[in-house]
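Participant: Have a look at this one.
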Amino acid sequence: MGFKMGIVGLPNVGKSTLFNALTRTAAAQAANFPFCTIEPNVGEVAVPDARLDRLAEAAGSKQVIPTRMTFVDIAGLVKGASRGEGLGNQFLANIRECDAIAHVLRCFEDGDITHVEGRIDPASDADIIETELMLADLESVEKRLANLSRKVRGGDKEAVTQERLLKSAAEALEAGKPARSVAVPEEDAKAWRMLQLITAKPVLYVLNVAEADAATGNEYSARMAEKAAAEGAATVLISARIEEEISQLGDEDAAMFLDEMGLEEPGLDRLIRAGYKLLGLQTYFTVGPKEARAWTIPEGTLAPQAAGVIHGDFERGFIRAETIAYDDFVTLGGETAAKEAGKMRVEGKSYVVRDGDVMHFLFSG
């Protein structure tokens, strides 16, 4: 499995430029006016993982297939979006379909690019978007509570649970806090997710700086990083312009360009890894002469469910998993050597898959 991350923000903060870089296309029109993105652009990108190439080299794999992740470029929200201002209702619906939110904030000055609020203040921009999303959630919660009242009076257990969770969400939202601030008991986690509240989704702040500030950031990004840390939120420093330039270069030229800019790796690699961490995802591998392939699973996934990511039959007929740790596979030079060294483990249905496991599943057809 992968996941879908929505790229949101005010108009003209660099969302579409970032999306273009992510997908290496110009599918998302980047223009200096609000609402240049009318329909959400969806792009699938490969998740960078140097381990995959090393595994393929050790096994002599002919093909390398990375796991993938989906980004959605959602048109710029404005103040009043929760009331339908701009194209607000449509955009809010698009955000609801995403698993997480990458909130792009403008941390650069450029007289040629208009800011919809007439000033550069990323913390204030973040508050505008958060407020609109909270207002949209509150409206949704109030409507659902009204619709549930009859079922609750009738003693419907599911409705009673929903009402309790919705009231918890309403209490937080009315206090000016996002739904993700609510402490949800583990037994209610599934019902809570089913509510599909926008502000319950995890948020990653993408601090978009000018090219000259890509390595160290600036006063705007520093202040926003402090605000994010106080919220317990993650940040990624990035220059969307640089990422767009890199995306048009070959590997060798891109490496030289990064070196000139004082950067160790593309910001997009850090963004994707931060997205992985945000949603508690990890990777396991299947490796053979034909292909080396990466698969995405949530942390804590058991072996049968990990097998099911490849095919449902693997999960239904799961017998066991032959497993080699990544370090052992690479250090010893492949599956045969790892087996001879006693580094292959046979794991059953209760095995919790670890990040980097190289796995081969046996199942009954």
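Residue names in the structure tokens use chain letters A, B, ... in the order shown, residue numbers from 1 in each chain, and ligand numbers from 1 in the order shown.
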Excluding region 139-154 of chain A and any residue of its chain fewer than 4 positions from it, enumerate the residues within 12 Å of it, using only C-alpha atoms, and give them as a ChimeraX atom specification.
Facilitator: /A:82-83,89,92-93,96,132-135,158-174,179,195-199
Participant: DSSP says strand (DSSP E or B) for which residues of region 67-205 of chain A? Put them as a short mmCIF file (atom, residue, chain, number, x, y, z; two decimals) with N, CA and C atoms, in the first residue's frame?
Facilitator:
data_model
loop_
_atom_site.label_atom_id
_atom_site.label_comp_id
_atom_site.auth_asym_id
_atom_site.auth_seq_id
_atom_site.Cartn_x
_atom_site.Cartn_y
_atom_site.Cartn_z
N ARG A 68 5.43 3.22 -4.29
CA ARG A 68 4.98 4.51 -4.80
C ARG A 68 4.06 5.20 -3.81
N MET A 69 3.93 6.49 -4.00
CA MET A 69 3.12 7.27 -3.11
C MET A 69 2.41 8.34 -3.94
N THR A 70 1.20 8.69 -3.53
CA THR A 70 0.37 9.60 -4.32
C THR A 70 0.31 10.98 -3.69
N PHE A 71 0.54 11.99 -4.51
CA PHE A 71 0.37 13.38 -4.07
C PHE A 71 -0.78 14.01 -4.84
N VAL A 72 -1.55 14.83 -4.15
CA VAL A 72 -2.67 15.53 -4.77
C VAL A 72 -2.45 17.03 -4.61
N ASP A 73 -2.36 17.74 -5.73
CA ASP A 73 -2.20 19.20 -5.71
C ASP A 73 -3.59 19.81 -5.62
N ALA A 100 -3.13 12.34 4.60
CA ALA A 100 -2.33 13.30 5.35
C ALA A 100 -2.27 14.60 4.55
N ILE A 101 -1.83 15.66 5.22
CA ILE A 101 -1.80 16.98 4.60
C ILE A 101 -0.39 17.54 4.64
N ALA A 102 0.13 17.92 3.47
CA ALA A 102 1.39 18.65 3.38
C ALA A 102 1.01 20.12 3.21
N HIS A 103 1.22 20.89 4.25
CA HIS A 103 0.79 22.29 4.26
C HIS A 103 1.95 23.18 3.84
N VAL A 104 1.91 23.66 2.60
CA VAL A 104 3.00 24.47 2.05
C VAL A 104 2.84 25.92 2.52
N LEU A 105 3.91 26.45 3.09
CA LEU A 105 3.89 27.82 3.62
C LEU A 105 4.97 28.66 2.92
N ARG A 106 4.59 29.83 2.52
CA ARG A 106 5.52 30.72 1.83
C ARG A 106 6.45 31.40 2.83
N VAL A 203 -0.49 16.42 9.91
CA VAL A 203 -0.04 17.55 9.10
C VAL A 203 1.47 17.65 9.10
N LEU A 204 2.02 17.91 7.93
CA LEU A 204 3.44 18.18 7.76
C LEU A 204 3.57 19.57 7.16
N TYR A 205 4.31 20.44 7.84
CA TYR A 205 4.51 21.80 7.31
C TYR A 205 5.71 21.81 6.36
#
Participant: Go through A:Arg270, A:Asp156, A:Ala58, A:Ala183 one by one, measure the shortest atom-to-atom distance of each to Asp328 (chain A) using only C-alpha atoms, and give the residue with the smallest value.
Facilitator: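 The shortest atom-to-atom distance to Asp328 (chain A) comes from A:Ala58.
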Participant: Taking the DSSP assignment computed from this structure's backbone, write out as a PyMOL selection string all residues of region 59-218 of chain A that belong to alpha helix (DSSP H).
Facilitator: chain A and resi 59+88-96+122-153+157-174+189-194
Participant: Pick the closest to Glu322 (chain A) from A:Asp110, A:Glu347, A:Asp121, A:Asp251: which is it, counting only C-alpha atoms?
Facilitator: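 Of A:Asp110, A:Glu347, A:Asp121, A:Asp251, the one nearest Glu322 (chain A) is A:Glu347, counting only C-alpha atoms.
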Participant: Using only C-alpha atoms, pick whichever of A:Leu249, A:Met5, A:Ala215, A:Met359 has the shortest atom-to-atom distance to Leu263 (chain A).
Facilitator: A:Ala215
Participant: Work out how far CA of Glu219 (chain A) is from CA of Ile7 (chain A), in Å to one decimal.
Facilitator: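 Going from CA of Ile7 (chain A) over to CA of Glu219 (chain A), I get 23.2 Å.
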Participant: I want to know what sits within 7 Å of region 222-239 of chain A, based on only C-alpha atoms, with residues of the same chain fewer than 5 positions away left out; could you give that as JSON, numbers by chain?
Facilitator: {"A": [122, 123, 203, 204, 205, 206, 207, 208, 209, 210, 211, 214, 217, 267, 271]}
Participant: Restrict the selected residues to all heavy atoms and save them as an mmCIF file, in the first residue's frame.
Facilitator:
data_model
loop_
_atom_site.group_PDB
_atom_site.id
_atom_site.type_symbol
_atom_site.label_atom_id
_atom_site.label_comp_id
_atom_site.auth_asym_id
_atom_site.auth_seq_id
_atom_site.Cartn_x
_atom_site.Cartn_y
_atom_site.Cartn_z
ATOM 1 N N PRO A 122 4.169 33.246 7.424
ATOM 2 C CA PRO A 122 3.767 31.841 7.329
ATOM 3 C C PRO A 122 2.941 31.345 8.509
ATOM 4 O O PRO A 122 2.038 30.526 8.328
ATOM 5 C CB PRO A 122 5.103 31.084 7.223
ATOM 6 C CG PRO A 122 6.149 32.053 7.646
ATOM 7 C CD PRO A 122 5.632 33.403 7.329
ATOM 8 N N ALA A 123 3.236 31.837 9.710
ATOM 9 C CA ALA A 123 2.461 31.391 10.882
ATOM 10 C C ALA A 123 1.008 31.823 10.754
ATOM 11 O O ALA A 123 0.079 31.058 11.044
ATOM 12 C CB ALA A 123 3.078 31.946 12.163
ATOM 13 N N VAL A 203 -0.492 16.424 9.915
ATOM 14 C CA VAL A 203 -0.042 17.550 9.096
ATOM 15 C C VAL A 203 1.474 17.651 9.097
ATOM 16 O O VAL A 203 2.127 17.494 10.133
ATOM 17 C CB VAL A 203 -0.640 18.878 9.612
ATOM 18 C CG1 VAL A 203 -0.016 20.074 8.907
ATOM 19 C CG2 VAL A 203 -2.146 18.906 9.412
ATOM 20 N N LEU A 204 2.019 17.912 7.928
ATOM 21 C CA LEU A 204 3.439 18.176 7.762
ATOM 22 C C LEU A 204 3.575 19.567 7.157
ATOM 23 O O LEU A 204 2.976 19.859 6.119
ATOM 24 C CB LEU A 204 4.039 17.131 6.811
ATOM 25 C CG LEU A 204 5.485 17.327 6.367
ATOM 26 C CD1 LEU A 204 6.432 17.133 7.544
ATOM 27 C CD2 LEU A 204 5.837 16.338 5.248
ATOM 28 N N TYR A 205 4.314 20.444 7.838
ATOM 29 C CA TYR A 205 4.510 21.798 7.313
ATOM 30 C C TYR A 205 5.714 21.809 6.361
ATOM 31 O O TYR A 205 6.825 21.417 6.734
ATOM 32 C CB TYR A 205 4.753 22.798 8.445
ATOM 33 C CG TYR A 205 3.536 23.058 9.294
ATOM 34 C CD1 TYR A 205 3.486 22.661 10.629
ATOM 35 C CD2 TYR A 205 2.420 23.702 8.765
ATOM 36 C CE1 TYR A 205 2.378 22.901 11.420
ATOM 37 C CE2 TYR A 205 1.293 23.950 9.540
ATOM 38 C CZ TYR A 205 1.276 23.542 10.861
ATOM 39 O OH TYR A 205 0.163 23.777 11.628
ATOM 40 N N VAL A 206 5.477 22.243 5.125
ATOM 41 C CA VAL A 206 6.534 22.347 4.124
ATOM 42 C C VAL A 206 6.919 23.817 4.018
ATOM 43 O O VAL A 206 6.133 24.648 3.558
ATOM 44 C CB VAL A 206 6.049 21.818 2.757
ATOM 45 C CG1 VAL A 206 7.176 21.900 1.734
ATOM 46 C CG2 VAL A 206 5.540 20.389 2.881
ATOM 47 N N LEU A 207 8.116 24.155 4.483
ATOM 48 C CA LEU A 207 8.566 25.544 4.543
ATOM 49 C C LEU A 207 9.297 25.879 3.247
ATOM 50 O O LEU A 207 10.445 25.485 3.049
ATOM 51 C CB LEU A 207 9.467 25.740 5.765
ATOM 52 C CG LEU A 207 8.900 25.197 7.093
ATOM 53 C CD1 LEU A 207 9.856 25.479 8.244
ATOM 54 C CD2 LEU A 207 7.520 25.789 7.379
ATOM 55 N N ASN A 208 8.610 26.583 2.367
ATOM 56 C CA ASN A 208 9.133 26.885 1.033
ATOM 57 C C ASN A 208 9.934 28.176 1.060
ATOM 58 O O ASN A 208 9.386 29.264 1.234
ATOM 59 C CB ASN A 208 7.962 27.001 0.046
ATOM 60 C CG ASN A 208 8.436 27.187 -1.387
ATOM 61 O OD1 ASN A 208 9.588 26.906 -1.715
ATOM 62 N ND2 ASN A 208 7.544 27.661 -2.245
ATOM 63 N N VAL A 209 11.257 28.056 0.896
ATOM 64 C CA VAL A 209 12.145 29.214 0.984
ATOM 65 C C VAL A 209 12.748 29.532 -0.383
ATOM 66 O O VAL A 209 12.644 28.744 -1.327
ATOM 67 C CB VAL A 209 13.287 28.961 1.998
ATOM 68 C CG1 VAL A 209 12.732 28.758 3.404
ATOM 69 C CG2 VAL A 209 14.144 27.760 1.582
ATOM 70 N N ALA A 210 13.393 30.692 -0.474
ATOM 71 C CA ALA A 210 14.080 31.090 -1.703
ATOM 72 C C ALA A 210 15.297 30.192 -1.913
ATOM 73 O O ALA A 210 15.791 29.550 -0.979
ATOM 74 C CB ALA A 210 14.501 32.554 -1.621
ATOM 75 N N GLU A 211 15.809 30.165 -3.142
ATOM 76 C CA GLU A 211 16.935 29.293 -3.478
ATOM 77 C C GLU A 211 18.136 29.538 -2.569
ATOM 78 O O GLU A 211 18.799 28.594 -2.132
ATOM 79 C CB GLU A 211 17.335 29.502 -4.940
ATOM 80 C CG GLU A 211 16.269 29.046 -5.921
ATOM 81 C CD GLU A 211 16.707 29.162 -7.375
ATOM 82 O OE1 GLU A 211 17.917 28.985 -7.626
ATOM 83 O OE2 GLU A 211 15.860 29.424 -8.233
ATOM 84 N N ALA A 214 17.925 27.670 0.837
ATOM 85 C CA ALA A 214 17.545 26.251 0.814
ATOM 86 C C ALA A 214 18.318 25.409 1.822
ATOM 87 O O ALA A 214 17.785 24.442 2.371
ATOM 88 C CB ALA A 214 17.734 25.689 -0.595
ATOM 89 N N GLY A 217 17.717 27.892 5.639
ATOM 90 C CA GLY A 217 16.453 28.538 6.017
ATOM 91 C C GLY A 217 16.633 30.020 6.260
ATOM 92 O O GLY A 217 17.699 30.586 5.994
ATOM 93 N N GLY A 267 15.322 18.010 -1.632
ATOM 94 C CA GLY A 267 14.359 18.222 -0.561
ATOM 95 C C GLY A 267 13.171 17.277 -0.689
ATOM 96 O O GLY A 267 12.532 16.926 0.308
ATOM 97 N N LEU A 271 11.030 15.167 1.994
ATOM 98 C CA LEU A 271 9.579 15.332 2.099
ATOM 99 C C LEU A 271 8.879 13.977 2.104
ATOM 100 O O LEU A 271 7.987 13.719 2.922
ATOM 101 C CB LEU A 271 9.081 16.186 0.929
ATOM 102 C CG LEU A 271 7.558 16.294 0.744
ATOM 103 C CD1 LEU A 271 6.903 16.888 1.986
ATOM 104 C CD2 LEU A 271 7.225 17.147 -0.479
#
Participant: May I ask for the distance between CA of Ala255 (chain A) and CA of Glu109 (chain A), given in Å to one decimal place?
Facilitator: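 Distance reported for this atom pair: 27.0 Å.
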Participant: Work out how far apart CA of Arg316 (chain A) and CA of Val358 (chain A) are and give it in Å to one decimal.
Facilitator: 20.5 Å
Participant: Using only C-alpha atoms, I'd like a table of the residues in region 325-356 of chain A that come within 12 Å of region 283-287 of chain A; for each, show the closest atom pair and its distance in Å rounded to one decimal, ordered by chain and ascending number, as a tab-separated table.
Facilitator:
residue	atom	partner	partner_atom	distance
A:Ala325	CA	A:Tyr284	CA	9.7
A:Tyr326	CA	A:Phe285	CA	8.6
A:Phe329	CA	A:Val287	CA	9.9
A:Val330	CA	A:Val287	CA	11.3
A:Gly334	CA	A:Val287	CA	9.1
A:Glu335	CA	A:Val287	CA	8.6
A:Thr336	CA	A:Val287	CA	11.9
A:Val352	CA	A:Tyr284	CA	11.5
A:Val353	CA	A:Tyr284	CA	7.7
A:Arg354	CA	A:Tyr284	CA	7.3
A:Asp355	CA	A:Thr283	CA	5.3
A:Gly356	CA	A:Tyr284	CA	4.9
Participant: Tell me which of A:Ala136, A:Val42, A:Leu281, A:Leu362 sits closest to Ala321 (chain A), counting only C-alpha atoms.
Facilitator: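 Among A:Ala136, A:Val42, A:Leu281, A:Leu362, it is A:Leu362 that comes nearest to Ala321 (chain A).
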Participant: Do you have, as CSV, the list of residues of region 204-275 of chain A lying at most 9 Å from region 11-19 of chain A, each with its nearest atom pair and that distance in Å to one decimal, counting only C-alpha atoms and ordered by chain then number?
Facilitator:
residue,atom,partner,partner_atom,distance
A:Asn208,CA,A:Gly14,CA,7.1
A:Ser239,CA,A:Leu18,CA,8.4
A:Ala240,CA,A:Leu18,CA,5.0
A:Arg241,CA,A:Thr17,CA,6.9
A:Glu243,CA,A:Leu18,CA,7.1
A:Glu244,CA,A:Thr17,CA,6.6
A:Leu268,CA,A:Leu18,CA,8.6
Participant: Only N, CA and C atoms, please: the residues just picked out, written as a compact mmCIF listing (two decimals), in the first residue's frame.
Facilitator:
# COMPACT_ATOMS: atom_id res chain seq x y z
N ASN A 208 8.61 26.58 2.37
CA ASN A 208 9.13 26.88 1.03
C ASN A 208 9.93 28.18 1.06
N SER A 239 13.09 24.30 -1.10
CA SER A 239 12.92 25.37 -2.08
C SER A 239 12.26 24.74 -3.30
N ALA A 240 10.98 25.04 -3.49
CA ALA A 240 10.24 24.43 -4.59
C ALA A 240 10.88 24.76 -5.94
N ARG A 241 11.44 25.96 -6.05
CA ARG A 241 12.11 26.36 -7.30
C ARG A 241 13.31 25.46 -7.59
N GLU A 243 13.80 22.43 -6.43
CA GLU A 243 13.31 21.08 -6.70
C GLU A 243 12.80 20.96 -8.14
N GLU A 244 12.17 22.02 -8.63
CA GLU A 244 11.68 22.01 -10.00
C GLU A 244 12.85 21.97 -10.99
N LEU A 268 12.87 16.86 -1.92
CA LEU A 268 11.73 15.97 -2.14
C LEU A 268 11.95 14.63 -1.47
Participant: Let me make sure I understand: among A:Leu332, A:Ala274, A:Val346, A:Ala191, which one has the smallest atom-to-atom distance to Pro48 (chain A) if we use only C-alpha atoms?
Facilitator: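 Closest to Pro48 (chain A) of all the choices is A:Ala274.
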